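What follows is a single structure, written as structure tokens, with notes after it.
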Amino acid sequence: MHTLPFVKMHGLGNDYVYIDCFSRETGSYIAKTDIPDLARRISDRHTGVGSDGLVLILPCEGADARMRMFNADGSEAQMCGNAIRCVGKYLYESGLADSEQLVIATSAGLRRLDLRVEKGQVQTVCVEMGIPVVAHNAFVLDTTPWEYIDVNMGNPHAVFFSEYMISSQQLYLLGDKISGHPHFKEGTNVEFACVRNDEEIDLRVWERGTGETMACGTGACATVVAAIRQGLTRRNVTVHLPGGDLEICWQGSDQPVYMTGPAATVFKGEYYL
């Protein structure tokens, strides 16, 4: 029976199964497999490893590695901030990269990583997340107009601000409806944010193709960008997510967003195919 080596990692509870495709045997298998189907099977929390999705770490000319990320429903996402921090940690600690400054290719473009290392272990990673594209927009949900801030961080986000944090019942009711609304032709990630003060934001995220996650790096970046554009916060903000905190910095138009947060290895194993 063929087995597929994997590593389970997470960034603030946003967990993925990572497959090292630098191995010739593994890379050869992945090249000929149905990856969306594999992502659905391996992500299942009852019959698979259990995760928010599948991440492939591949060789890449012009970068230290290429990251491909698939949601739990098998759909491919352009970018994931929590996943890319884990990719950087894996590359460094496995010896595939020997520098604390890495470049990772994604479907959203190249992303630069600055690893914070202590005693040979990557503790946190600062990621240059790219330049956001921001617009105000609106759509109609159940006959009611909804205004939101549209932020593209290489993947799409619809950011909503409210005075109080959304409840779990509201999140599950609205998250799926908004994420899959016909207004969003390719679906969208949905952010529900509550500003504590000009340096802190509480956030819950409904990710397209997955549902609520413990954290979302691109979502945290999108929310801070939207808050700054609305004059709600300063340019350095701590985003409080169910899984923990991310530090986000954005200096304004035509400047990239920087995200800093932890990455953790949970376990290694073999998946029976």
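Here, A, B, ... name the chains of the structure tokens in the order displayed, residue numbers run from 1 inside each chain, and ligands are numbered from 1 in the same displayed order.
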
Considering only C-alpha atoms, return as a JSON list (two decimals) with N, CA and C atoms, in the first residue's frame whatever protein or nucleic-acid residues lie within 9 Å of Ala215 (chain A), sequence-local ones (same chain, fewer than 6 positions apart) excluded.
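Final output, out_34.json:
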```json
[["chain", "number", "residue", "atom", "x", "y", "z"],
["A", 11, "GLY", "N", -1.08, 27.82, 12.08],
["A", 11, "GLY", "CA", -0.81, 29.19, 12.46],
["A", 11, "GLY", "C", -2.01, 29.70, 13.22],
["A", 12, "LEU", "N", -1.89, 29.82, 14.53],
["A", 12, "LEU", "CA", -2.98, 30.27, 15.40],
["A", 12, "LEU", "C", -4.23, 29.40, 15.25],
["A", 13, "GLY", "N", -4.04, 28.10, 15.08],
["A", 13, "GLY", "CA", -5.17, 27.18, 14.98],
["A", 13, "GLY", "C", -5.70, 27.01, 13.58],
["A", 14, "ASN", "N", -5.25, 27.82, 12.63],
["A", 14, "ASN", "CA", -5.62, 27.64, 11.22],
["A", 14, "ASN", "C", -4.72, 26.53, 10.68],
["A", 82, "ASN", "N", -1.54, 32.43, 7.09],
["A", 82, "ASN", "CA", -1.12, 31.50, 8.13],
["A", 82, "ASN", "C", -0.33, 30.34, 7.54],
["A", 203, "LEU", "N", -11.76, 39.98, 15.60],
["A", 203, "LEU", "CA", -12.13, 39.53, 14.26],
["A", 203, "LEU", "C", -12.53, 38.07, 14.24],
["A", 204, "ARG", "N", -13.59, 37.77, 13.48],
["A", 204, "ARG", "CA", -13.95, 36.40, 13.16],
["A", 204, "ARG", "C", -14.09, 36.32, 11.64],
["A", 205, "VAL", "N", -13.64, 35.20, 11.08],
["A", 205, "VAL", "CA", -13.56, 35.07, 9.62],
["A", 205, "VAL", "C", -14.27, 33.80, 9.16],
["A", 240, "HIS", "N", -7.08, 40.44, 17.13],
["A", 240, "HIS", "CA", -7.40, 39.33, 18.03],
["A", 240, "HIS", "C", -8.36, 38.37, 17.33],
["A", 241, "LEU", "N", -7.90, 37.16, 17.08],
["A", 241, "LEU", "CA", -8.69, 36.12, 16.43],
["A", 241, "LEU", "C", -8.94, 35.00, 17.44],
["A", 242, "PRO", "N", -9.90, 34.11, 17.17],
["A", 242, "PRO", "CA", -10.15, 33.01, 18.12],
["A", 242, "PRO", "C", -8.91, 32.19, 18.45],
["A", 243, "GLY", "N", -7.96, 32.06, 17.49],
["A", 243, "GLY", "CA", -6.77, 31.26, 17.73],
["A", 243, "GLY", "C", -5.60, 32.01, 18.31],
["A", 244, "GLY", "N", -5.70, 33.35, 18.40],
["A", 244, "GLY", "CA", -4.59, 34.14, 18.92],
["A", 244, "GLY", "C", -4.46, 35.46, 18.18],
["A", 245, "ASP", "N", -3.31, 36.10, 18.33],
["A", 245, "ASP", "CA", -3.11, 37.46, 17.82],
["A", 245, "ASP", "C", -2.15, 37.51, 16.64],
["A", 246, "LEU", "N", -2.44, 38.42, 15.71],
["A", 246, "LEU", "CA", -1.54, 38.75, 14.61],
["A", 246, "LEU", "C", -1.23, 40.24, 14.68]]
```

Please produce, as a tab-separated table, a per-residue contact table for region 18-40 of chain A versus region 71-76 of chain A (criterion: any atom at most 9 Å away, only C-alpha atoms considered), showing the nearest atom pair and its distance in Å to one decimal, sorted by chain then residue number.
```
residue	atom	partner	partner_atom	distance
A:Ile35	CA	A:Gly74	CA	7.6
A:Pro36	CA	A:Gly74	CA	4.0
A:Asp37	CA	A:Gly74	CA	6.2
A:Leu38	CA	A:Gly74	CA	7.7
A:Ala39	CA	A:Gly74	CA	5.3
A:Arg40	CA	A:Gly74	CA	5.3
```

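Counting only C-alpha atoms and comparing A:Ser28, A:Val122, A:Gln78, A:Val140, the residue that lies closest to Leu110 (chain A) is A:Gln78.
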
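With only C-alpha atoms as the atoms that count, the minimum distance from Ile84 (chain A) to the choices A:Glu163, A:Asp98, A:Glu212, A:Asp15 is reached by A:Asp15.
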
Inset, instruction - Identify, on the basis of only C-alpha atoms, every residue whose closest approach to Tyr16 (chain A) does not exceed 6 Å; exclude the query and any residue fewer than 2 positions from it along the same chain; express the result as a PyMOL selection string. - result: chain A and resi 9+51-54

Expected file contents, prior selection, C-alpha atoms, as a PDB file, in the first residue's frame:
```pdb
ATOM      1  CA  MET A   9       1.101  22.450  11.089  1.00  0.00           C
ATOM      2  CA  SER A  51      -7.477  20.180   8.655  1.00  0.00           C
ATOM      3  CA  ASP A  52      -8.704  23.399   7.073  1.00  0.00           C
ATOM      4  CA  GLY A  53      -7.047  22.272   3.849  1.00  0.00           C
ATOM      5  CA  LEU A  54      -3.992  20.933   2.039  1.00  0.00           C
TER       6      LEU A  54
END
```

Inset, instruction - Could you tell me which of A:Arg111, A:Arg196, A:Lys268, A:Arg45 comes closest to Gly154 (chain A) if we count only C-alpha atoms? - result: A:Arg111

Legend entry - Surrounding residues of Ala264 (chain A) excluding itself and chain neighbours under 2 positions, 8 Å, only C-alpha atoms, as a ChimeraX atom specification: /A:9-11,86,123,262,266

What are the closest atom pairs, with distances in Å to one decimal, for all residues of region 90-133 of chain A lying within 12 Å of region 56-66 of chain A? Consider only C-alpha atoms, order rows by chain and residue number, and present the result as CSV.
```
residue,atom,partner,partner_atom,distance
A:Tyr90,CA,A:Ile57,CA,9.2
A:Leu91,CA,A:Ala65,CA,8.3
A:Tyr92,CA,A:Asp64,CA,10.2
A:Gly95,CA,A:Asp64,CA,11.6
A:Leu96,CA,A:Asp64,CA,8.3
A:Ala97,CA,A:Asp64,CA,7.0
A:Asp98,CA,A:Asp64,CA,10.0
A:Ser99,CA,A:Asp64,CA,9.7
A:Glu100,CA,A:Asp64,CA,11.3
A:Gln101,CA,A:Asp64,CA,9.6
A:Leu102,CA,A:Asp64,CA,6.2
A:Val103,CA,A:Ala63,CA,5.2
A:Ile104,CA,A:Ala65,CA,5.2
A:Ala105,CA,A:Arg66,CA,4.5
A:Thr106,CA,A:Arg66,CA,6.0
A:Ser107,CA,A:Arg66,CA,8.9
A:Ala108,CA,A:Arg66,CA,11.1
A:Gly109,CA,A:Arg66,CA,10.0
A:Leu110,CA,A:Ala63,CA,7.9
A:Arg111,CA,A:Ala63,CA,9.3
A:Arg112,CA,A:Ala63,CA,9.6
A:Leu113,CA,A:Asp64,CA,10.4
```

Got time to write the residues from that selection, N, CA and C atoms, as a CSV table (one decimal), in the first residue's frame?
```
chain,number,residue,atom,x,y,z
A,90,TYR,N,8.8,25.3,7.9
A,90,TYR,CA,9.1,23.9,7.4
A,90,TYR,C,10.4,24.0,6.6
A,91,LEU,N,10.5,24.9,5.7
A,91,LEU,CA,11.7,25.0,4.8
A,91,LEU,C,13.0,25.1,5.6
A,92,TYR,N,12.9,26.0,6.6
A,92,TYR,CA,14.1,26.3,7.4
A,92,TYR,C,14.5,25.1,8.3
A,95,GLY,N,15.8,22.0,6.6
A,95,GLY,CA,17.1,22.1,5.9
A,95,GLY,C,17.0,22.4,4.4
A,96,LEU,N,15.8,22.6,3.9
A,96,LEU,CA,15.6,22.9,2.5
A,96,LEU,C,15.9,24.4,2.2
A,97,ALA,N,16.1,25.2,3.3
A,97,ALA,CA,16.5,26.6,3.1
A,97,ALA,C,17.4,26.9,4.3
A,98,ASP,N,18.5,27.7,4.1
A,98,ASP,CA,19.4,28.0,5.2
A,98,ASP,C,19.4,29.4,5.5
A,99,SER,N,18.5,30.2,4.9
A,99,SER,CA,18.5,31.6,5.2
A,99,SER,C,17.3,32.0,6.0
A,100,GLU,N,17.4,33.1,6.8
A,100,GLU,CA,16.2,33.5,7.6
A,100,GLU,C,15.3,34.5,6.8
A,101,GLN,N,15.8,34.8,5.6
A,101,GLN,CA,15.0,35.6,4.6
A,101,GLN,C,14.6,34.7,3.4
A,102,LEU,N,13.4,34.5,3.2
A,102,LEU,CA,12.9,33.6,2.1
A,102,LEU,C,12.0,34.3,1.2
A,103,VAL,N,11.9,33.7,0.0
A,103,VAL,CA,10.9,34.2,-1.0
A,103,VAL,C,10.1,33.0,-1.5
A,104,ILE,N,8.8,33.1,-1.3
A,104,ILE,CA,7.9,32.0,-1.6
A,104,ILE,C,7.0,32.4,-2.8
A,105,ALA,N,6.9,31.6,-3.8
A,105,ALA,CA,6.0,31.9,-4.9
A,105,ALA,C,4.6,31.4,-4.6
A,106,THR,N,3.6,32.2,-4.8
A,106,THR,CA,2.2,31.8,-4.6
A,106,THR,C,1.4,32.2,-5.9
A,107,SER,N,0.1,31.8,-6.0
A,107,SER,CA,-0.7,32.2,-7.1
A,107,SER,C,-1.0,33.7,-7.1
A,108,ALA,N,-0.8,34.4,-5.9
A,108,ALA,CA,-1.0,35.8,-5.8
A,108,ALA,C,0.3,36.6,-6.0
A,109,GLY,N,1.4,35.9,-6.4
A,109,GLY,CA,2.7,36.5,-6.6
A,109,GLY,C,3.8,36.1,-5.6
A,110,LEU,N,4.9,36.7,-5.6
A,110,LEU,CA,6.0,36.4,-4.7
A,110,LEU,C,5.8,37.0,-3.4
A,111,ARG,N,6.1,36.3,-2.3
A,111,ARG,CA,5.9,36.8,-0.9
A,111,ARG,C,7.2,36.6,-0.2
A,112,ARG,N,7.7,37.7,0.5
A,112,ARG,CA,9.0,37.6,1.2
A,112,ARG,C,8.7,37.4,2.7
A,113,LEU,N,9.5,36.5,3.2
A,113,LEU,CA,9.4,36.1,4.6
A,113,LEU,C,10.7,36.5,5.4
```

Legend entry - Sel. of strand (DSSP E) residues, region 75-270 of chain A, as number ranges by chain: A: 76-77, 101-106, 109-118, 121-128, 133-141, 144-152, 156-161, 189-197, 200-207, 211-213, 236-241, 244-250, 257-262, 264-270

Inset, instruction - Using only C-alpha atoms, determine which residues lie at most 7 Å from Met129 (chain A), disregarding the query and same-chain residues fewer than 6 positions distant; provide the list as JSON, numbers by chain. - result: {"A": [111, 256, 257, 258, 259]}
